[in-house]
>>> print(open('data-v1.cif').read())   # mmCIF, C-alpha atoms and all ligand atoms
data_entry
loop_
_atom_site.group_PDB
_atom_site.id
_atom_site.type_symbol
_atom_site.label_atom_id
_atom_site.label_comp_id
_atom_site.auth_asym_id
_atom_site.auth_seq_id
_atom_site.Cartn_x
_atom_site.Cartn_y
_atom_site.Cartn_z
ATOM 1 C CA MET A 1 0.000 0.000 0.000
ATOM 2 C CA LYS A 2 1.368 3.385 -1.019
ATOM 3 C CA GLY A 3 2.429 5.578 1.884
ATOM 4 C CA CYS A 4 2.296 2.797 4.491
ATOM 5 C CA LYS A 5 5.620 2.292 6.240
ATOM 6 C CA ARG A 6 6.259 -1.421 6.725
ATOM 7 C CA LEU A 7 7.224 -2.254 10.311
ATOM 8 C CA TYR A 8 6.954 -6.052 10.301
ATOM 9 C CA SER A 9 6.859 -8.134 7.137
ATOM 10 C CA ALA A 10 4.641 -11.185 6.678
ATOM 11 C CA ARG A 11 7.751 -13.323 6.968
ATOM 12 C CA ALA A 12 8.869 -11.691 10.257
ATOM 13 C CA ILE A 13 5.359 -12.101 11.688
ATOM 14 C CA ALA A 14 5.213 -15.773 10.680
ATOM 15 C CA ALA A 15 8.571 -16.456 12.365
ATOM 16 C CA ARG A 16 7.466 -14.720 15.572
ATOM 17 C CA VAL A 17 4.100 -16.492 15.634
ATOM 18 C CA LYS A 18 5.859 -19.830 15.284
ATOM 19 C CA LYS A 19 7.995 -19.033 18.356
ATOM 20 C CA LEU A 20 4.996 -17.900 20.364
ATOM 21 C CA GLY A 21 3.191 -21.106 19.424
ATOM 22 C CA LYS A 22 6.120 -23.181 20.670
ATOM 23 C CA ALA A 23 6.311 -21.332 24.002
ATOM 24 C CA ILE A 24 2.555 -21.588 24.519
ATOM 25 C CA SER A 25 2.566 -25.303 23.622
ATOM 26 C CA ALA A 26 5.231 -25.944 26.268
ATOM 27 C CA ASP A 27 3.462 -23.892 28.972
ATOM 28 C CA TYR A 28 -0.042 -25.250 28.401
ATOM 29 C CA ALA A 29 0.758 -28.936 27.895
ATOM 30 C CA GLY A 30 -1.759 -31.050 29.800
ATOM 31 C CA LYS A 31 -3.890 -28.041 30.785
ATOM 32 C CA ASP A 32 -6.717 -28.326 28.235
ATOM 33 C CA PRO A 33 -6.631 -24.566 27.564
ATOM 34 C CA LEU A 34 -9.348 -22.336 26.192
ATOM 35 C CA PHE A 35 -8.051 -19.773 23.702
ATOM 36 C CA VAL A 36 -10.238 -16.691 23.406
ATOM 37 C CA CYS A 37 -9.845 -14.407 20.393
ATOM 38 C CA VAL A 38 -10.603 -10.758 21.090
ATOM 39 C CA LEU A 39 -12.469 -9.623 17.968
ATOM 40 C CA LYS A 40 -12.046 -8.173 15.518
ATOM 41 C CA GLY A 41 -8.402 -7.116 15.505
ATOM 42 C CA ALA A 42 -6.912 -10.423 16.678
ATOM 43 C CA CYS A 43 -8.722 -12.626 14.132
ATOM 44 C CA ILE A 44 -5.807 -13.083 11.720
ATOM 45 C CA PHE A 45 -3.175 -13.423 14.447
ATOM 46 C CA PHE A 46 -5.430 -15.930 16.245
ATOM 47 C CA SER A 47 -5.875 -18.087 13.135
ATOM 48 C CA ASP A 48 -2.120 -18.329 12.626
ATOM 49 C CA LEU A 49 -1.275 -18.709 16.322
ATOM 50 C CA VAL A 50 -3.643 -21.594 17.042
ATOM 51 C CA ARG A 51 -2.159 -23.509 14.111
ATOM 52 C CA ALA A 52 1.320 -22.958 15.551
ATOM 53 C CA VAL A 53 0.245 -24.589 18.828
ATOM 54 C CA SER A 54 0.803 -28.333 18.976
ATOM 55 C CA LEU A 55 -1.844 -29.111 21.598
ATOM 56 C CA PRO A 56 -5.566 -29.788 21.496
ATOM 57 C CA VAL A 57 -7.161 -26.439 22.361
ATOM 58 C CA GLN A 58 -10.698 -25.121 22.525
ATOM 59 C CA LEU A 59 -11.447 -21.848 20.737
ATOM 60 C CA ASP A 60 -13.933 -19.109 21.532
ATOM 61 C CA PHE A 61 -14.499 -15.460 20.667
ATOM 62 C CA VAL A 62 -15.293 -12.271 22.542
ATOM 63 C CA GLN A 63 -15.774 -8.702 21.364
ATOM 64 C CA ALA A 64 -15.422 -5.642 23.534
ATOM 65 C CA ALA A 65 -15.943 -1.937 22.892
ATOM 66 C CA SER A 66 -15.235 1.239 24.789
ATOM 67 C CA TYR A 67 -18.156 3.347 25.914
ATOM 68 C CA GLY A 68 -18.559 6.752 24.323
ATOM 69 C CA GLY A 69 -18.254 7.857 20.720
ATOM 70 C CA GLY A 70 -15.638 9.848 18.846
ATOM 71 C CA THR A 71 -11.950 9.302 19.099
ATOM 72 C CA VAL A 72 -11.588 9.630 22.840
ATOM 73 C CA SER A 73 -12.692 6.618 24.806
ATOM 74 C CA SER A 74 -14.273 7.050 28.225
ATOM 75 C CA GLY A 75 -12.182 4.132 29.394
ATOM 76 C CA GLU A 76 -15.208 2.010 30.265
ATOM 77 C CA VAL A 77 -15.350 -1.286 28.419
ATOM 78 C CA ARG A 78 -18.512 -3.178 27.514
ATOM 79 C CA ILE A 79 -18.888 -6.691 26.092
ATOM 80 C CA VAL A 80 -20.464 -6.638 22.637
ATOM 81 C CA LYS A 81 -20.181 -10.397 22.038
ATOM 82 C CA ASP A 82 -19.553 -12.816 24.879
ATOM 83 C CA VAL A 83 -17.869 -16.236 24.806
ATOM 84 C CA GLU A 84 -20.154 -19.228 24.373
ATOM 85 C CA CYS A 85 -18.420 -21.748 26.621
ATOM 86 C CA SER A 86 -18.090 -21.725 30.371
ATOM 87 C CA VAL A 87 -14.721 -20.480 31.607
ATOM 88 C CA ALA A 88 -15.131 -21.844 35.140
ATOM 89 C CA GLY A 89 -12.125 -23.990 36.073
ATOM 90 C CA ARG A 90 -10.428 -23.373 32.704
ATOM 91 C CA HIS A 91 -6.983 -22.093 31.824
ATOM 92 C CA VAL A 92 -7.894 -19.181 29.561
ATOM 93 C CA LEU A 93 -5.515 -17.502 27.113
ATOM 94 C CA LEU A 94 -6.831 -14.175 25.812
ATOM 95 C CA VAL A 95 -5.442 -13.459 22.351
ATOM 96 C CA GLU A 96 -5.428 -9.761 21.432
ATOM 97 C CA ASP A 97 -4.049 -7.680 18.561
ATOM 98 C CA ILE A 98 -2.483 -4.873 20.581
ATOM 99 C CA VAL A 99 -2.293 -3.816 24.222
ATOM 100 C CA ASP A 100 -2.602 -0.043 24.278
ATOM 101 C CA THR A 101 -3.933 1.409 27.542
ATOM 102 C CA GLY A 102 -4.619 -2.187 28.621
ATOM 103 C CA ARG A 103 -8.169 -1.381 29.749
ATOM 104 C CA THR A 104 -9.892 -3.847 27.412
ATOM 105 C CA LEU A 105 -7.798 -6.763 28.611
ATOM 106 C CA ALA A 106 -7.948 -5.689 32.249
ATOM 107 C CA ARG A 107 -11.755 -5.789 31.990
ATOM 108 C CA LEU A 108 -11.774 -9.184 30.265
ATOM 109 C CA GLN A 109 -9.293 -10.634 32.728
ATOM 110 C CA GLU A 110 -11.384 -9.409 35.650
ATOM 111 C CA LEU A 111 -14.580 -10.770 34.079
ATOM 112 C CA PHE A 112 -13.188 -14.241 33.404
ATOM 113 C CA LYS A 113 -11.594 -14.453 36.840
ATOM 114 C CA ALA A 114 -14.932 -13.506 38.401
ATOM 115 C CA ARG A 115 -16.516 -16.358 36.423
ATOM 116 C CA GLY A 116 -14.098 -18.809 38.035
ATOM 117 C CA ALA A 117 -11.390 -19.275 35.411
ATOM 118 C CA ARG A 118 -8.402 -21.104 36.863
ATOM 119 C CA SER A 119 -5.955 -18.778 35.110
ATOM 120 C CA VAL A 120 -6.314 -15.925 32.627
ATOM 121 C CA GLN A 121 -3.199 -15.016 30.663
ATOM 122 C CA ILE A 122 -2.683 -12.715 27.711
ATOM 123 C CA CYS A 123 -1.022 -13.241 24.347
ATOM 124 C CA ALA A 124 -0.759 -9.999 22.376
ATOM 125 C CA LEU A 125 0.639 -9.591 18.905
ATOM 126 C CA LEU A 126 1.786 -6.072 19.761
ATOM 127 C CA ASP A 127 2.433 -4.163 22.956
ATOM 128 C CA LYS A 128 2.626 -0.381 23.395
ATOM 129 C CA PRO A 129 3.919 -0.200 26.980
ATOM 130 C CA SER A 130 4.322 3.586 26.890
ATOM 131 C CA ARG A 131 0.530 3.942 26.646
ATOM 132 C CA ARG A 132 -0.388 1.722 29.600
ATOM 133 C CA ALA A 133 -2.999 3.203 31.937
ATOM 134 C CA ALA A 134 -3.138 2.645 35.660
ATOM 135 C CA GLY A 135 -4.718 -0.725 36.298
ATOM 136 C CA GLY A 136 -3.528 -1.921 32.880
ATOM 137 C CA VAL A 137 -2.251 -5.387 32.246
ATOM 138 C CA ARG A 138 0.847 -7.359 31.353
ATOM 139 C CA ALA A 139 0.987 -9.796 28.443
ATOM 140 C CA ALA A 140 2.584 -13.145 29.285
ATOM 141 C CA TYR A 141 3.282 -13.582 25.550
ATOM 142 C CA CYS A 142 4.015 -10.728 23.169
ATOM 143 C CA GLY A 143 4.910 -10.658 19.471
ATOM 144 C CA PHE A 144 6.521 -7.249 19.145
ATOM 145 C CA THR A 145 6.867 -4.128 21.264
ATOM 146 C CA VAL A 146 6.005 -0.915 19.407
ATOM 147 C CA GLU A 147 6.402 2.740 20.163
ATOM 148 C CA ASP A 148 3.441 5.044 20.509
ATOM 149 C CA ARG A 149 2.350 5.034 16.877
ATOM 150 C CA PHE A 150 -0.814 3.963 15.086
ATOM 151 C CA VAL A 151 -0.353 0.704 13.212
ATOM 152 C CA VAL A 152 -2.519 -1.220 10.748
ATOM 153 C CA GLY A 153 -2.559 -4.540 8.938
ATOM 154 C CA TYR A 154 -2.570 -8.243 9.883
ATOM 155 C CA GLY A 155 -5.982 -7.712 11.521
ATOM 156 C CA LEU A 156 -5.521 -4.148 12.758
ATOM 157 C CA ASP A 157 -7.732 -1.512 11.159
ATOM 158 C CA LEU A 158 -8.333 2.144 10.626
ATOM 159 C CA ASP A 159 -12.092 2.621 10.299
ATOM 160 C CA GLU A 160 -12.452 -1.070 9.351
ATOM 161 C CA LYS A 161 -9.897 -0.808 6.535
ATOM 162 C CA TYR A 162 -6.437 -2.375 6.136
ATOM 163 C CA ARG A 163 -7.172 -5.506 8.224
ATOM 164 C CA ASN A 164 -6.218 -7.741 5.312
ATOM 165 C CA LEU A 165 -2.764 -6.278 4.723
ATOM 166 C CA PRO A 166 -0.377 -9.226 5.151
ATOM 167 C CA TYR A 167 2.164 -7.071 7.047
ATOM 168 C CA ILE A 168 2.034 -4.571 9.927
ATOM 169 C CA GLY A 169 2.568 -0.983 8.865
ATOM 170 C CA GLU A 170 2.392 2.559 10.051
ATOM 171 C CA LEU A 171 0.104 4.990 8.266
ATOM 172 C CA PRO A 172 1.350 8.431 7.342
ATOM 173 C CA PRO A 173 -0.170 11.235 9.468
ATOM 174 C CA GLN A 174 -2.801 12.078 6.852
ATOM 175 C CA GLY A 175 -4.205 8.578 7.064
ATOM 176 C CA GLU A 176 -5.637 6.982 3.990
ATOM 177 C CA GLU A 177 -3.634 6.317 0.887
ATOM 178 C CA ALA A 178 -4.575 4.388 -2.223
ATOM 179 C CA TRP A 179 -3.736 0.710 -2.610
ATOM 180 C CA GLN A 180 -1.146 -0.017 -5.190
HETATM 181 P P1 LIG B 201 -6.814 -0.732 25.054
HETATM 182 O O1 LIG B 201 -8.019 -1.122 25.843
HETATM 183 O O2 LIG B 201 -5.603 -1.550 25.346
HETATM 184 O O3 LIG B 201 -6.537 0.745 25.170
HETATM 185 O O4 LIG B 201 -7.247 -0.875 23.564
HETATM 186 C C1 LIG B 201 -6.856 -1.860 22.762
HETATM 187 C C2 LIG B 201 -7.559 -1.724 21.411
HETATM 188 O O5 LIG B 201 -7.349 -0.430 20.830
HETATM 189 C C3 LIG B 201 -6.942 -2.699 20.457
HETATM 190 O O6 LIG B 201 -7.560 -3.954 20.546
HETATM 191 C C4 LIG B 201 -7.141 -2.012 19.130
HETATM 192 O O7 LIG B 201 -8.414 -2.334 18.614
HETATM 193 C C5 LIG B 201 -7.108 -0.532 19.444
HETATM 194 N N1 LIG B 201 -5.780 0.026 19.145
HETATM 195 C C6 LIG B 201 -4.870 0.492 20.020
HETATM 196 N N2 LIG B 201 -3.746 0.910 19.398
HETATM 197 C C7 LIG B 201 -3.945 0.685 18.080
HETATM 198 C C8 LIG B 201 -3.148 0.886 16.896
HETATM 199 O O8 LIG B 201 -2.003 1.353 16.894
HETATM 200 N N3 LIG B 201 -3.714 0.511 15.714
HETATM 201 C C9 LIG B 201 -4.965 -0.008 15.624
HETATM 202 N N4 LIG B 201 -5.409 -0.328 14.410
HETATM 203 N N5 LIG B 201 -5.749 -0.220 16.719
HETATM 204 C C10 LIG B 201 -5.236 0.126 17.923
#
>>> encode(input="data-v1.cif", output="structure tokens")
Amino acid sequence: MKGCKRLYSARAIAARVKKLGKAISADYAGKDPLFVCVLKGACIFFSDLVRAVSLPVQLDFVQAASYGGGTVSSGEVRIVKDVECSVAGRHVLLVEDIVDTGRTLARLQELFKARGARSVQICALLDKPSRRAAGGVRAAYCGFTVEDRFVVGYGLDLDEKYRNLPYIGELPPQGEEAWQ
């Protein structure tokens, strides 16, 4: 895409996902884990990650949104789509595209713990630690650490566009550019 600065190529992402899958396979062996994809941004990462895990795992999906419109979130998180299976007694791995303030994952972690999950860990493709809010979270597994910049591709969007870019890139300040 013209104007999009490539940060991580498809090849670099694939190599990192493979390593994450190996680490997760070792840590969750014998635990019958439940992997929960945080929609929509993590959908592509999730699909690749679960296939890099050499264990039988159960999959489910959750979608969260911040209250309030516009570009500034109120910080309150609501569940738009809940998981279908019971998390009680389960080892849950939340799979997210990017940890920014960490509020979304803090809310999901709290919710699943309150429902009796045995453990709730986080696997994030990207982490922006400089943006973490008080009460934010820590990812047990992380693909790449990024600076405070807006990234798109490999599931991440800008107004629902660019999710299907095979790489992770940074948009120029003006935003949209034509595909080439
Ligand atoms: P948090 O609750 O951690 O502040 O919000 C995380 C969500 O904000 C992510 O799941 C993602 O949807 C969105 N987000 C945060 N930073 C970025 C970014 O750089 N690019 C995109 N496309 N989304 C982001």
>>> resolve_selection(input="data-v1.cif", expression="the PyMOL selection byres (((not hetatm)) within 7 of (chain B and resi 201))", output="ChimeraX atom specification")
/A:41,96-105,149-152,156-158
>>> resolve_selection(input="data-v1.cif", expression="the PyMOL selection byres (((chain A and resi 82) around 8) and not hetatm)", output="list in words")
Phe61, Val62, Gln63, Ile79, Val80, Lys81, Val83 and Glu84 of chain A
>>> atom_distance(input="data-v1.cif", atom1="CA of Leu49 (chain A)", atom2="CA of Glu76 (chain A)")
28.6 Å
>>> closest_residue(input="data-v1.cif", among="A:Pro172, A:Pro166, A:Gly30, A:Gly155", to="Ala12 (chain A)", atoms="all atoms listed in the file")
A:Pro166
>>> axis_aligned_box(input="data-v1.cif", around="region 9-26 of chain A", padding_each_side="4 Å", output="lines of an AutoDock Vina configuration file")
center_x = 5.7
center_y = -17.0
center_z = 16.5
size_x = 14.3
size_y = 25.8
size_z = 27.6
>>> closest_residue(input="data-v1.cif", among="A:Leu20, A:Cys37, A:Ala114, A:Ala15", to="Asp60 (chain A)", atoms="all atoms listed in the file")
A:Cys37
>>> resolve_selection(input="data-v1.cif", expression="the PyMOL selection byres (((chain A and resi 18) around 10) and not hetatm)", output="list in words")
Ile13, Ala14, Ala15, Arg16, Val17, Lys19, Leu20, Gly21, Lys22, Ala23, Ile24, Asp48, Leu49, Val50, Arg51, Ala52 and Val53 of chain A
>>> closest_residue(input="data-v1.cif", among="A:Gly3, A:Gly136, A:Pro33, A:Pro56", to="Gly169 (chain A)", atoms="all atoms listed in the file")
A:Gly3
>>> residues_around(input="data-v1.cif", residues="Asp32 (chain A)", least_positions_apart="4", cutoff="12 Å", atoms="all atoms listed in the file", output="PyMOL selection string")
chain A and resi 25+27-28+54-59+87+89-93+118-119
>>> atom_distance(input="data-v1.cif", atom1="CA of Phe35 (chain A)", atom2="CA of Tyr167 (chain A)")
23.3 Å
>>> atom_distance(input="data-v1.cif", atom1="CA of Tyr141 (chain A)", atom2="CA of Leu94 (chain A)")
10.1 Å
>>> closest_residue(input="data-v1.cif", among="A:Ala139, A:Arg107, A:Phe45, A:Val95", to="Ala10 (chain A)", atoms="all atoms listed in the file")
A:Phe45
>>> closest_residue(input="data-v1.cif", among="A:Lys40, A:Ala133, A:Ala140, A:Ser86", to="Asp159 (chain A)", atoms="only C-alpha atoms")
A:Lys40
>>> decode(input="data-v1.cif", residues="region 87-153 of chain A", atoms="C-alpha atoms", output="PDB file, in the first residue's frame")
ATOM      1  CA  VAL A  87     -14.721 -20.480  31.607  1.00  0.00           C
ATOM      2  CA  ALA A  88     -15.131 -21.844  35.140  1.00  0.00           C
ATOM      3  CA  GLY A  89     -12.125 -23.990  36.073  1.00  0.00           C
ATOM      4  CA  ARG A  90     -10.428 -23.373  32.704  1.00  0.00           C
ATOM      5  CA  HIS A  91      -6.983 -22.093  31.824  1.00  0.00           C
ATOM      6  CA  VAL A  92      -7.894 -19.181  29.561  1.00  0.00           C
ATOM      7  CA  LEU A  93      -5.515 -17.502  27.113  1.00  0.00           C
ATOM      8  CA  LEU A  94      -6.831 -14.175  25.812  1.00  0.00           C
ATOM      9  CA  VAL A  95      -5.442 -13.459  22.351  1.00  0.00           C
ATOM     10  CA  GLU A  96      -5.428  -9.761  21.432  1.00  0.00           C
ATOM     11  CA  ASP A  97      -4.049  -7.680  18.561  1.00  0.00           C
ATOM     12  CA  ILE A  98      -2.483  -4.873  20.581  1.00  0.00           C
ATOM     13  CA  VAL A  99      -2.293  -3.816  24.222  1.00  0.00           C
ATOM     14  CA  ASP A 100      -2.602  -0.043  24.278  1.00  0.00           C
ATOM     15  CA  THR A 101      -3.933   1.409  27.542  1.00  0.00           C
ATOM     16  CA  GLY A 102      -4.619  -2.187  28.621  1.00  0.00           C
ATOM     17  CA  ARG A 103      -8.169  -1.381  29.749  1.00  0.00           C
ATOM     18  CA  THR A 104      -9.892  -3.847  27.412  1.00  0.00           C
ATOM     19  CA  LEU A 105      -7.798  -6.763  28.611  1.00  0.00           C
ATOM     20  CA  ALA A 106      -7.948  -5.689  32.249  1.00  0.00           C
ATOM     21  CA  ARG A 107     -11.755  -5.789  31.990  1.00  0.00           C
ATOM     22  CA  LEU A 108     -11.774  -9.184  30.265  1.00  0.00           C
ATOM     23  CA  GLN A 109      -9.293 -10.634  32.728  1.00  0.00           C
ATOM     24  CA  GLU A 110     -11.384  -9.409  35.650  1.00  0.00           C
ATOM     25  CA  LEU A 111     -14.580 -10.770  34.079  1.00  0.00           C
ATOM     26  CA  PHE A 112     -13.188 -14.241  33.404  1.00  0.00           C
ATOM     27  CA  LYS A 113     -11.594 -14.453  36.840  1.00  0.00           C
ATOM     28  CA  ALA A 114     -14.932 -13.506  38.401  1.00  0.00           C
ATOM     29  CA  ARG A 115     -16.516 -16.358  36.423  1.00  0.00           C
ATOM     30  CA  GLY A 116     -14.098 -18.809  38.035  1.00  0.00           C
ATOM     31  CA  ALA A 117     -11.390 -19.275  35.411  1.00  0.00           C
ATOM     32  CA  ARG A 118      -8.402 -21.104  36.863  1.00  0.00           C
ATOM     33  CA  SER A 119      -5.955 -18.778  35.110  1.00  0.00           C
ATOM     34  CA  VAL A 120      -6.314 -15.925  32.627  1.00  0.00           C
ATOM     35  CA  GLN A 121      -3.199 -15.016  30.663  1.00  0.00           C
ATOM     36  CA  ILE A 122      -2.683 -12.715  27.711  1.00  0.00           C
ATOM     37  CA  CYS A 123      -1.022 -13.241  24.347  1.00  0.00           C
ATOM     38  CA  ALA A 124      -0.759  -9.999  22.376  1.00  0.00           C
ATOM     39  CA  LEU A 125       0.639  -9.591  18.905  1.00  0.00           C
ATOM     40  CA  LEU A 126       1.786  -6.072  19.761  1.00  0.00           C
ATOM     41  CA  ASP A 127       2.433  -4.163  22.956  1.00  0.00           C
ATOM     42  CA  LYS A 128       2.626  -0.381  23.395  1.00  0.00           C
ATOM     43  CA  PRO A 129       3.919  -0.200  26.980  1.00  0.00           C
ATOM     44  CA  SER A 130       4.322   3.586  26.890  1.00  0.00           C
ATOM     45  CA  ARG A 131       0.530   3.942  26.646  1.00  0.00           C
ATOM     46  CA  ARG A 132      -0.388   1.722  29.600  1.00  0.00           C
ATOM     47  CA  ALA A 133      -2.999   3.203  31.937  1.00  0.00           C
ATOM     48  CA  ALA A 134      -3.138   2.645  35.660  1.00  0.00           C
ATOM     49  CA  GLY A 135      -4.718  -0.725  36.298  1.00  0.00           C
ATOM     50  CA  GLY A 136      -3.528  -1.921  32.880  1.00  0.00           C
ATOM     51  CA  VAL A 137      -2.251  -5.387  32.246  1.00  0.00           C
ATOM     52  CA  ARG A 138       0.847  -7.359  31.353  1.00  0.00           C
ATOM     53  CA  ALA A 139       0.987  -9.796  28.443  1.00  0.00           C
ATOM     54  CA  ALA A 140       2.584 -13.145  29.285  1.00  0.00           C
ATOM     55  CA  TYR A 141       3.282 -13.582  25.550  1.00  0.00           C
ATOM     56  CA  CYS A 142       4.015 -10.728  23.169  1.00  0.00           C
ATOM     57  CA  GLY A 143       4.910 -10.658  19.471  1.00  0.00           C
ATOM     58  CA  PHE A 144       6.521  -7.249  19.145  1.00  0.00           C
ATOM     59  CA  THR A 145       6.867  -4.128  21.264  1.00  0.00           C
ATOM     60  CA  VAL A 146       6.005  -0.915  19.407  1.00  0.00           C
ATOM     61  CA  GLU A 147       6.402   2.740  20.163  1.00  0.00           C
ATOM     62  CA  ASP A 148       3.441   5.044  20.509  1.00  0.00           C
ATOM     63  CA  ARG A 149       2.350   5.034  16.877  1.00  0.00           C
ATOM     64  CA  PHE A 150      -0.814   3.963  15.086  1.00  0.00           C
ATOM     65  CA  VAL A 151      -0.353   0.704  13.212  1.00  0.00           C
ATOM     66  CA  VAL A 152      -2.519  -1.220  10.748  1.00  0.00           C
ATOM     67  CA  GLY A 153      -2.559  -4.540   8.938  1.00  0.00           C
TER      68      GLY A 153
END
